[in-house]
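Asker: Would you mind keeping the following structure in view while I ask a few things?
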Amino acid sequence: MKSLRKLFVVIILFTAFNTIQAQKFAHIDSEQLLMAMPETKAMEDELKKVQQTYADEYNGQMAALQAKLKKYDAEAPTQTDIKNQERQQEVQGIQQKIEKYGQTAQQEIQKKQFDLLKPIVEKAQQAVKDVATEKGIQYVMDSSPGKGLIVFEGEDLLAAVKTKLGLQ
């Protein structure tokens with residue numbers, strides 16, 4: 001009975017080992033692929049425009065605040081304490097609005113980046129999937145720096161995926 005059990009375990013291990021050997025693995029540097037796609041360059045250009053728009057508005061608000069502060073500082077000696085306190089509260093309110101605008105702008109830029117990047121990533125993932133299917137590859141690992149892959153001696157799909165996408 002024990003020898004039958006041992007034989008059964010050996011057969012299972014042998015079958016599992018052969019199954020693992022039959023699977024094909026490959027790797028691709030997804031960051032390099034995304035940077036090679038023209039859509040990424042277009043996304044970066046659009047993000048720069050959006051960032052510049054927000055930066056211009058922010059800088060305009062800051063310049064207006066600075067001008068107001070300069071004016072209020074110059075007029076402070078000729079104003080009553082009550083009037084100076086009102087002006088100080090007004091300035092604090094403006095500073096809070098500007099700070100909130102900066103935070104909202106940052107959130108909007110991040111949302112825009114996500115919205116623009118999502119279809120690019122999906123296109124790249126589909127191309128990787130298509131090439132892997134064409135080559136009979138069952139597993140593709142990301143060999144981008146910091147992605148956790150230590151050894152990548154399998155086939156690198158970057159060139160084939162770039163060709164699939166019509167990239168140089």
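Here's how to read the names in the structure tokens: chain A, B, ... by the order shown, residue numbers from 1 in each chain, ligand numbers from 1 in the order shown.
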Write out as an MDAnalysis selection string which residues come within 12 Å of region 68-73 of chain A when counting only C-alpha atoms, dropping same-chain ones fewer than 3 positions away.

Answerer: chainID A and resid 61:65 76:80 83:92 94:95

Asker: Let me see the file: selected residues, N, CA and C atoms, as a JSON list (two decimals), in the first residue's frame.

Answerer:
```json
[["chain", "number", "residue", "atom", "x", "y", "z"],
["A", 61, "GLN", "N", -3.02, 84.45, -9.77],
["A", 61, "GLN", "CA", -3.65, 84.66, -8.46],
["A", 61, "GLN", "C", -2.61, 85.09, -7.42],
["A", 62, "MET", "N", -1.43, 84.48, -7.46],
["A", 62, "MET", "CA", -0.38, 84.86, -6.51],
["A", 62, "MET", "C", 0.11, 86.29, -6.75],
["A", 63, "ALA", "N", 0.22, 86.68, -8.01],
["A", 63, "ALA", "CA", 0.65, 88.05, -8.32],
["A", 63, "ALA", "C", -0.39, 89.06, -7.83],
["A", 64, "ALA", "N", -1.68, 88.74, -8.02],
["A", 64, "ALA", "CA", -2.74, 89.63, -7.54],
["A", 64, "ALA", "C", -2.69, 89.74, -6.02],
["A", 65, "LEU", "N", -2.44, 88.62, -5.34],
["A", 65, "LEU", "CA", -2.35, 88.64, -3.88],
["A", 65, "LEU", "C", -1.15, 89.48, -3.43],
["A", 76, "ALA", "N", -1.53, 100.54, 5.54],
["A", 76, "ALA", "CA", -1.79, 100.12, 6.92],
["A", 76, "ALA", "C", -1.64, 101.24, 7.95],
["A", 77, "PRO", "N", -0.59, 102.08, 7.88],
["A", 77, "PRO", "CA", -0.44, 103.12, 8.90],
["A", 77, "PRO", "C", -1.59, 104.15, 8.88],
["A", 78, "THR", "N", -2.24, 104.31, 7.75],
["A", 78, "THR", "CA", -3.30, 105.32, 7.65],
["A", 78, "THR", "C", -4.69, 104.73, 7.89],
["A", 79, "GLN", "N", -4.77, 103.43, 8.15],
["A", 79, "GLN", "CA", -6.07, 102.76, 8.36],
["A", 79, "GLN", "C", -6.28, 102.47, 9.85],
["A", 80, "THR", "N", -7.53, 102.26, 10.20],
["A", 80, "THR", "CA", -7.85, 101.90, 11.58],
["A", 80, "THR", "C", -7.47, 100.46, 11.83],
["A", 83, "LYS", "N", -10.05, 98.14, 10.33],
["A", 83, "LYS", "CA", -9.90, 98.01, 8.88],
["A", 83, "LYS", "C", -8.71, 97.12, 8.54],
["A", 84, "ASN", "N", -7.59, 97.25, 9.27],
["A", 84, "ASN", "CA", -6.41, 96.42, 9.03],
["A", 84, "ASN", "C", -6.70, 94.95, 9.35],
["A", 85, "GLN", "N", -7.50, 94.70, 10.41],
["A", 85, "GLN", "CA", -7.88, 93.32, 10.74],
["A", 85, "GLN", "C", -8.76, 92.73, 9.63],
["A", 86, "GLU", "N", -9.68, 93.53, 9.11],
["A", 86, "GLU", "CA", -10.54, 93.07, 8.01],
["A", 86, "GLU", "C", -9.70, 92.72, 6.79],
["A", 87, "ARG", "N", -8.73, 93.57, 6.51],
["A", 87, "ARG", "CA", -7.85, 93.31, 5.37],
["A", 87, "ARG", "C", -7.01, 92.06, 5.58],
["A", 88, "GLN", "N", -6.55, 91.84, 6.83],
["A", 88, "GLN", "CA", -5.77, 90.66, 7.14],
["A", 88, "GLN", "C", -6.62, 89.40, 6.94],
["A", 89, "GLN", "N", -7.86, 89.44, 7.38],
["A", 89, "GLN", "CA", -8.77, 88.31, 7.19],
["A", 89, "GLN", "C", -9.05, 88.09, 5.71],
["A", 90, "GLU", "N", -9.20, 89.18, 4.95],
["A", 90, "GLU", "CA", -9.42, 89.07, 3.51],
["A", 90, "GLU", "C", -8.22, 88.37, 2.85],
["A", 91, "VAL", "N", -7.02, 88.79, 3.22],
["A", 91, "VAL", "CA", -5.80, 88.20, 2.66],
["A", 91, "VAL", "C", -5.72, 86.71, 3.03],
["A", 92, "GLN", "N", -6.04, 86.37, 4.26],
["A", 92, "GLN", "CA", -6.01, 84.96, 4.67],
["A", 92, "GLN", "C", -7.02, 84.14, 3.86],
["A", 94, "ILE", "N", -8.05, 84.81, 0.81],
["A", 94, "ILE", "CA", -7.50, 84.69, -0.54],
["A", 94, "ILE", "C", -6.40, 83.63, -0.57],
["A", 95, "GLN", "N", -5.55, 83.61, 0.46],
["A", 95, "GLN", "CA", -4.48, 82.60, 0.53],
["A", 95, "GLN", "C", -5.07, 81.19, 0.59]]
```

Asker: As a list in words, please: every residue in region 6-124 of chain A that a backbone DSSP assignment puts in strand (DSSP E or B).

Answerer: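 Checking each residue of region 6-124 of chain A, the strand (DSSP E or B) ones are Phe25, Ala26, His27 and Ile28 of chain A.
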
Asker: Please return, as a ChimeraX atom specification, all residues of region 35-161 of chain A that DSSP assigns to helix (DSSP H, G or I) on the basis of the backbone.

Answerer: /A:35-36,38-78,81-135,158-161

Asker: Hey, can you check how far CA of Glu122 (chain A) sits from CA of Ala26 (chain A)?

Answerer: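 Value for the CA of Glu122 (chain A)-CA of Ala26 (chain A) distance: 19.1 Å.
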
Asker: For Gln106 (chain A), work out the shell of residues within 12 Å, counting only C-alpha atoms and skipping chain neighbours fewer than 4 positions away, then give it as a list of chain:residue names.

Answerer: A:Leu47, A:Val50, A:Gln51, A:Gln52, A:Thr53, A:Tyr54, A:Ala55, A:Tyr58, A:Glu99, A:Lys100, A:Tyr101, A:Gly102, A:Gln110, A:Lys111, A:Lys112, A:Gln113

Asker: To one decimal place in Å, what is the distance between CA of Ala127 (chain A) and CA of Lys24 (chain A)?

Answerer: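 Atom-to-atom, CA of Ala127 (chain A) to CA of Lys24 (chain A), that is 17.6 Å.
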